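*Asks:* File name coords_37.cif; file contents mmCIF, C-alpha atoms; full text below.
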data_entry
loop_
_atom_site.label_atom_id
_atom_site.label_comp_id
_atom_site.auth_asym_id
_atom_site.auth_seq_id
_atom_site.Cartn_x
_atom_site.Cartn_y
_atom_site.Cartn_z
CA MET A 1045 -31.24 -19.23 -10.26
CA ALA A 1046 -28.78 -22.12 -10.02
CA ASP A 1047 -29.07 -22.81 -13.76
CA ARG A 1048 -28.36 -19.15 -14.55
CA TYR A 1049 -25.31 -18.63 -12.35
CA SER A 1050 -23.66 -22.04 -11.98
CA GLY A 1051 -20.91 -23.49 -14.15
CA HIS A 1052 -18.93 -20.31 -14.74
CA GLY A 1053 -16.08 -20.76 -12.27
CA ASP A 1054 -13.32 -22.09 -14.54
CA TRP A 1055 -12.65 -19.64 -17.36
CA GLY A 1056 -8.91 -20.19 -17.78
CA HIS A 1057 -6.93 -17.86 -20.03
CA ALA A 1058 -8.01 -18.82 -23.54
CA ALA A 1059 -9.63 -16.14 -25.70
CA LYS A 1060 -12.85 -18.15 -25.95
CA ALA A 1061 -12.95 -18.52 -22.19
CA ARG A 1062 -12.37 -14.78 -21.70
CA ALA A 1063 -15.19 -13.98 -24.10
CA GLY A 1064 -17.48 -16.29 -22.15
CA ARG A 1065 -16.39 -14.67 -18.91
CA ASP A 1066 -17.00 -11.13 -20.18
CA GLY A 1067 -20.45 -12.07 -21.41
CA HIS A 1068 -21.34 -13.73 -18.13
CA VAL A 1069 -20.03 -10.79 -16.07
CA ARG A 1070 -22.08 -8.36 -18.15
CA GLU A 1071 -25.11 -10.54 -17.50
CA LEU A 1072 -24.38 -10.42 -13.78
CA GLY A 1073 -23.99 -6.66 -13.88
CA GLU A 1074 -27.29 -6.16 -15.67
CA ASP A 1075 -29.13 -8.48 -13.26
CA GLY A 1076 -27.73 -6.64 -10.26
CA HIS A 1077 -28.59 -3.26 -11.77
CA HIS A 1078 -32.20 -4.32 -12.45
CA LEU A 1079 -32.50 -5.66 -8.90
CA LEU A 1080 -31.17 -2.45 -7.35
CA ALA A 1081 -33.38 -0.31 -9.61
CA ALA A 1082 -36.42 -2.30 -8.48
CA ILE A 1083 -35.46 -1.89 -4.80
CA TRP A 1084 -35.11 1.90 -5.23
CA ALA A 1085 -38.35 2.21 -7.22
CA ASP A 1086 -41.01 4.46 -5.66
CA GLU A 1087 -43.40 1.56 -5.16
CA ALA A 1088 -40.83 -0.67 -3.39
CA PRO A 1089 -41.05 -1.01 0.41
CA ASP A 1090 -38.72 1.41 2.18
CA TRP A 1091 -37.36 -1.28 4.53
CA LEU A 1092 -35.73 -3.06 1.59
CA ARG A 1093 -33.30 -0.19 1.10
CA ARG A 1094 -32.25 -0.36 4.74
CA LEU A 1095 -31.18 -4.01 4.65
CA PRO A 1096 -27.39 -4.34 5.26
CA ALA A 1097 -27.08 -6.93 2.48
CA VAL A 1098 -28.73 -4.55 0.01
CA GLU A 1099 -26.38 -1.71 0.97
CA ILE A 1100 -23.34 -3.96 0.50
CA LEU A 1101 -24.71 -5.08 -2.89
CA ARG A 1102 -25.16 -1.44 -3.91
CA ARG A 1103 -21.60 -0.53 -2.90
CA ILE A 1104 -20.15 -3.54 -4.72
CA TRP A 1105 -22.06 -2.73 -7.90
CA VAL A 1106 -20.91 0.91 -7.78
CA GLN A 1107 -17.29 -0.32 -7.61
CA GLN A 1108 -17.63 -3.11 -10.18
CA PHE A 1109 -20.01 -1.73 -12.83
CA TYR A 1110 -20.99 1.52 -14.48
CA LEU A 1111 -23.79 2.62 -16.80
CA CYS A 1112 -23.08 3.84 -20.31
CA ASP A 1113 -25.08 4.42 -23.49
CA ASP A 1114 -25.14 0.74 -24.43
CA GLY A 1115 -25.92 -0.65 -21.00
CA VAL A 1116 -24.05 -1.93 -17.95
CA ARG A 1117 -20.28 -2.30 -18.23
CA TRP A 1118 -17.67 -3.94 -16.00
CA TYR A 1119 -14.79 -1.72 -14.85
CA GLY A 1120 -11.53 -2.74 -16.51
CA PRO A 1121 -7.95 -1.44 -16.59
CA ALA A 1122 -8.92 1.32 -19.02
CA GLU A 1123 -11.57 2.70 -16.68
CA GLY A 1124 -9.55 2.19 -13.52
CA TYR A 1125 -10.37 0.46 -10.27
CA ALA A 1126 -11.14 1.68 -6.80
CA PRO A 1127 -8.01 1.65 -4.57
CA SER A 1128 -7.51 -1.51 -2.55
CA SER A 1129 -8.01 0.42 0.70
CA ARG A 1130 -11.65 1.08 -0.29
CA PHE A 1131 -12.41 -1.82 -2.62
CA ILE A 1132 -14.87 -4.38 -1.19
CA SER A 1133 -13.31 -7.78 -1.80
CA SER A 1134 -15.74 -9.92 0.19
CA PRO A 1135 -19.51 -9.43 0.63
CA TYR A 1136 -19.27 -11.37 3.89
CA ASP A 1137 -16.82 -8.89 5.44
CA PRO A 1138 -16.96 -5.48 3.73
CA ASP A 1139 -14.02 -4.21 5.80
CA ALA A 1140 -11.65 -6.97 4.60
CA ARG A 1141 -9.26 -5.79 1.90
CA TYR A 1142 -7.11 -7.38 -0.78
CA GLY A 1143 -3.34 -7.17 -0.44
CA ARG A 1144 -0.15 -8.68 -1.79
CA LYS A 1145 3.31 -9.09 -0.35
CA ARG A 1146 5.76 -10.45 -2.88
CA THR A 1147 4.10 -13.70 -4.09
CA THR A 1148 1.54 -13.95 -1.28
CA THR A 1149 -1.97 -12.55 -1.80
CA CYS A 1150 -4.94 -12.58 0.54
CA VAL A 1151 -8.19 -10.85 1.47
CA GLY A 1152 -8.51 -9.97 5.14
CA TYR A 1153 -6.34 -8.44 7.83
CA LYS A 1154 -2.79 -8.38 9.14
CA VAL A 1155 -1.96 -8.60 12.82
CA HIS A 1156 1.14 -6.83 14.15
CA LEU A 1157 2.55 -8.16 17.41
CA THR A 1158 4.99 -6.50 19.78
CA GLU A 1159 6.66 -8.69 22.37
CA SER A 1160 9.37 -8.41 24.96
CA CYS A 1161 12.64 -10.21 24.24
CA ASP A 1162 14.81 -9.53 27.27
CA GLU A 1163 17.51 -12.17 27.62
CA GLY A 1164 16.79 -14.69 30.35
CA ARG A 1165 13.15 -13.62 30.72
CA LEU A 1166 9.83 -14.87 29.38
CA ARG A 1167 8.68 -13.37 26.12
CA ILE A 1168 5.39 -11.54 26.64
CA ILE A 1169 3.18 -9.96 23.99
CA THR A 1170 2.86 -6.31 24.97
CA HIS A 1171 0.74 -4.98 22.10
CA VAL A 1172 -1.53 -6.35 19.37
CA GLN A 1173 -2.60 -4.23 16.43
CA THR A 1174 -4.91 -5.37 13.62
CA GLU A 1175 -4.98 -3.54 10.29
CA THR A 1176 -6.31 -4.21 6.81
CA VAL A 1177 -3.91 -6.00 4.47
CA PRO A 1178 -3.06 -2.95 2.27
CA THR A 1179 -1.90 -0.94 5.30
CA ALA A 1180 1.88 -0.60 5.01
CA ASP A 1181 3.92 -1.91 7.93
CA GLY A 1182 5.52 1.50 8.42
CA GLU A 1183 2.11 3.04 9.17
CA VAL A 1184 1.84 0.79 12.23
CA THR A 1185 5.08 1.80 13.97
CA THR A 1186 4.01 5.14 15.43
CA PRO A 1187 0.54 3.95 16.60
CA ALA A 1188 2.27 1.01 18.29
CA HIS A 1189 4.63 3.36 20.12
CA ARG A 1190 1.70 5.55 21.22
CA ALA A 1191 -0.16 2.51 22.55
CA LEU A 1192 2.91 1.19 24.36
CA ALA A 1193 3.55 4.62 25.88
CA ALA A 1194 -0.03 4.78 27.15
CA LYS A 1195 0.50 1.44 28.88
CA GLY A 1196 3.92 2.38 30.24
CA LEU A 1197 5.53 -0.39 28.20
CA LEU A 1198 7.75 1.50 25.78
CA PRO A 1199 11.00 -0.41 25.19
CA ALA A 1200 14.39 1.27 25.29
CA GLN A 1201 15.20 -0.53 22.04
CA HIS A 1202 12.61 -1.74 19.54
CA LEU A 1203 13.75 -4.42 17.08
CA VAL A 1204 11.68 -4.39 13.89
CA ASP A 1205 11.67 -5.75 10.35
CA THR A 1206 12.54 -3.61 7.33
CA GLY A 1207 8.97 -2.54 6.59
CA TYR A 1208 8.54 -0.92 10.00
CA LEU A 1209 11.27 1.69 9.71
CA ASP A 1210 12.53 4.43 7.45
CA ALA A 1211 14.53 7.60 7.99
CA ALA A 1212 11.57 9.60 9.30
CA LEU A 1213 10.50 6.84 11.71
CA LEU A 1214 14.06 6.46 13.03
CA ILE A 1215 14.12 10.15 13.95
CA GLU A 1216 10.56 10.22 15.26
CA ALA A 1217 11.00 7.17 17.51
CA THR A 1218 13.96 8.78 19.26
CA ARG A 1219 12.60 12.33 19.37
CA ASP A 1220 9.00 11.62 20.43
CA PHE A 1221 9.26 8.36 22.36
CA GLY A 1222 12.88 7.95 23.42
CA VAL A 1223 12.97 4.61 21.60
CA ASP A 1224 15.99 3.31 19.70
CA LEU A 1225 14.39 1.83 16.58
CA VAL A 1226 16.64 -0.92 15.19
CA GLY A 1227 16.22 -3.02 12.07
CA PRO A 1228 17.57 -3.80 8.59
CA THR A 1229 17.16 -0.89 6.21
CA ARG A 1230 15.94 -1.34 2.66
CA PRO A 1231 18.61 -2.63 0.28
CA ASP A 1232 20.19 -0.38 -2.32
CA LEU A 1233 18.60 -1.43 -5.63
CA GLN A 1234 20.43 1.04 -7.86
CA TRP A 1235 22.44 -0.43 -10.74
CA GLN A 1236 25.75 0.37 -9.03
CA ALA A 1237 24.87 -1.77 -6.01
CA ARG A 1238 23.39 -4.58 -8.11
CA ARG A 1239 26.40 -4.85 -10.42
CA GLY A 1240 29.01 -4.22 -7.75
CA THR A 1241 30.61 -1.50 -9.87
CA GLY A 1242 30.39 2.26 -9.91
CA PHE A 1243 29.64 4.53 -6.99
CA ALA A 1244 26.34 4.27 -5.12
CA ALA A 1245 25.03 6.97 -2.78
CA ALA A 1246 26.79 5.37 0.19
CA ALA A 1247 30.19 6.14 -1.42
CA PHE A 1248 29.60 9.89 -0.98
CA GLN A 1249 30.47 11.55 2.33
CA VAL A 1250 27.78 13.93 3.56
CA ASP A 1251 28.58 16.73 6.00
CA TRP A 1252 25.15 17.86 7.17
CA ASP A 1253 26.45 20.67 9.39
CA ALA A 1254 28.65 22.22 6.70
CA GLN A 1255 26.08 21.35 4.02
CA HIS A 1256 28.41 19.85 1.48
CA VAL A 1257 29.10 16.42 -0.02
CA THR A 1258 32.43 14.91 -0.98
CA CYS A 1259 32.53 12.47 -3.91
CA PRO A 1260 34.67 9.28 -3.92
CA ARG A 1261 37.38 11.15 -5.90
CA GLY A 1262 37.59 13.87 -3.24
CA ALA A 1263 35.74 16.68 -5.06
CA GLN A 1264 33.45 18.80 -2.93
CA SER A 1265 29.93 19.80 -3.95
CA SER A 1266 29.30 23.34 -5.20
CA GLY A 1267 25.63 23.64 -4.31
CA TRP A 1268 23.21 22.56 -1.56
CA THR A 1269 19.50 23.39 -1.88
CA ALA A 1270 16.74 22.31 0.51
CA SER A 1271 13.27 21.91 -0.99
CA THR A 1272 10.02 19.97 -0.67
CA GLU A 1273 8.86 17.58 -3.38
CA PHE A 1274 5.62 15.59 -3.19
CA GLY A 1275 5.42 16.38 0.52
CA TRP A 1276 8.96 15.12 1.25
CA GLU A 1277 11.79 17.30 2.50
CA THR A 1278 14.55 17.00 -0.11
CA VAL A 1279 18.14 18.19 -0.46
CA LYS A 1280 19.56 18.72 -3.95
CA VAL A 1281 23.32 18.67 -4.25
CA LYS A 1282 25.31 19.87 -7.27
CA PHE A 1283 28.93 19.36 -8.29
CA SER A 1284 30.94 21.68 -10.50
CA GLN A 1285 31.51 20.76 -14.15
CA VAL A 1286 35.12 21.76 -13.60
CA ASP A 1287 35.47 18.70 -11.37
CA CYS A 1288 33.08 16.33 -13.11
CA LYS A 1289 33.86 16.74 -16.81
CA PRO A 1290 37.51 15.62 -16.67
CA CYS A 1291 36.85 13.00 -13.95
CA PRO A 1292 38.06 9.52 -15.05
CA ASN A 1293 35.27 7.94 -12.99
CA ARG A 1294 32.44 10.00 -14.45
CA ALA A 1295 30.78 6.95 -16.05
CA ASP A 1296 30.66 5.27 -12.64
#
Could you quickly redo this structure as structure tokens?

*Replies:*
Amino acid sequence: MADRYSGHGDWGHAAKARAGRDGHVRELGEDGHHLLAAIWADEAPDWLRRLPAVEILRRIWVQQFYLCDDGVRWYGPAEGYAPSSRFISSPYDPDARYGRKRTTTCVGYKVHLTESCDEGRLRIITHVQTETVPTADGEVTTPAHRALAAKGLLPAQHLVDTGYLDAALLIEATRDFGVDLVGPTRPDLQWQARRGTGFAAAAFQVDWDAQHVTCPRGAQSSGWTASTEFGWETVKVKFSQVDCKPCPNRAD
């Protein structure tokens, strides 16, 4: 066993190394398939199929390999992968998941802490929430507020990082929990904001009650249509060609 599976850890990026890797992975896939087929054979003891380790092996092989006409194949980019929220990344902890935040990657869990920060008082952790790594920070905000409400510990003002708030959460926190959610919003990454030229969305004045928008040159929108796209409530605003065509700032 050691002779068959040892010595394959450092494949590097060279074509020869990749070829060796692919051959070794196919060998692993075939071995695992033969083992699972033997366990599920009619003559095999039934208790084997009920072993937790065997069930984890089966789930991993379903996610990693598939059967085709010429044998066992490893899933690649062309075939697609299982989403990170369901992909088993560690046989020792099948609930641990792979995640990445900027340049940091890990397999495991993220812990989200809520603590008091009243000036002149001790800081006390009021809530602890553990989630898998792929769970977005924004998905934790509402459950945290529910848990704090159940304990009678909702803050009047909740200071959070960018990932924990968006427009919907800002409204929901105030409406459902009476909490003022405060934090830095996501930066404007449009080309106008990056270059420091042109007009970004923030340069337009929106009158929600009157349902019209005024552009930086003072022209008022000619159309306002509410719709739903991909599950999100959306407002589409149009401006008249009479105003836009001759506008000297049209390119901006």

*Asks:* Rank A:Arg1219, A:His1068, A:Arg1261, A:Arg1130 by their smallest atom-to-atom distance to A:Asp1296, using all atoms listed in the file, and report the top residue only.

*Replies:* A:Arg1261

*Asks:* Spell out the residues picked by the PyMOL selection byres ((chain A and resi 1162) around 12) here, as an MDAnalysis selection string.

*Replies:* chainID A and resid 1159:1161 1163:1168 1199:1203

*Asks:* Using all atoms listed in the file, determine which residues lie at most 10 Å from stretch 1267-1274 of chain A, disregarding the query and same-chain residues fewer than 2 positions distant; provide the list as a PyMOL selection string.

*Replies:* chain A and resi 1254-1257+1264-1265+1276-1284

*Asks:* Translate the PyMOL selection byres ((chain A and resi 1131-1146) around 12), as applied to the file shown, into an explicit residue set as an NGL selection string.

*Replies:* :A and (1096-1108 or 1124-1130 or 1147-1154 or 1174-1181 or 1207)

*Asks:* How far is it from atom CA of A:Asp1220 to atom CA of A:Leu1198, in Å with one decimal?

*Replies:*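 Taking atom CA of A:Asp1220 and atom CA of A:Leu1198, their separation equals 11.5 Å.
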
*Asks:* Which residue, A:Ile1083, A:Val1226, A:Val1204, A:Val1286, has the smallest gap to A:Ala1188 when you use only C-alpha atoms?

*Replies:*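 Closest to A:Ala1188, using only C-alpha atoms: A:Val1204.
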
*Asks:* Name the residues in contact with A:Leu1209 at a cut-off of 10 Å, using all atoms listed in the file, excluding same-chain residues fewer than 3 positions from it; report them as a PyMOL selection string.

*Replies:* chain A and resi 1181-1186+1203-1206+1212-1215+1217+1225-1230

*Asks:* What does the structure give for the distance between atom CA of A:Val1172 and atom CA of A:Thr1218, in Å to one decimal?

*Replies:*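 Separation between atom CA of A:Val1172 and atom CA of A:Thr1218: 21.7 Å.
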
*Asks:* Please measure the separation of atom CA of A:Thr1158 and atom CA of A:Thr1170, giving the value in Å to one decimal.

*Replies:* 5.6 Å
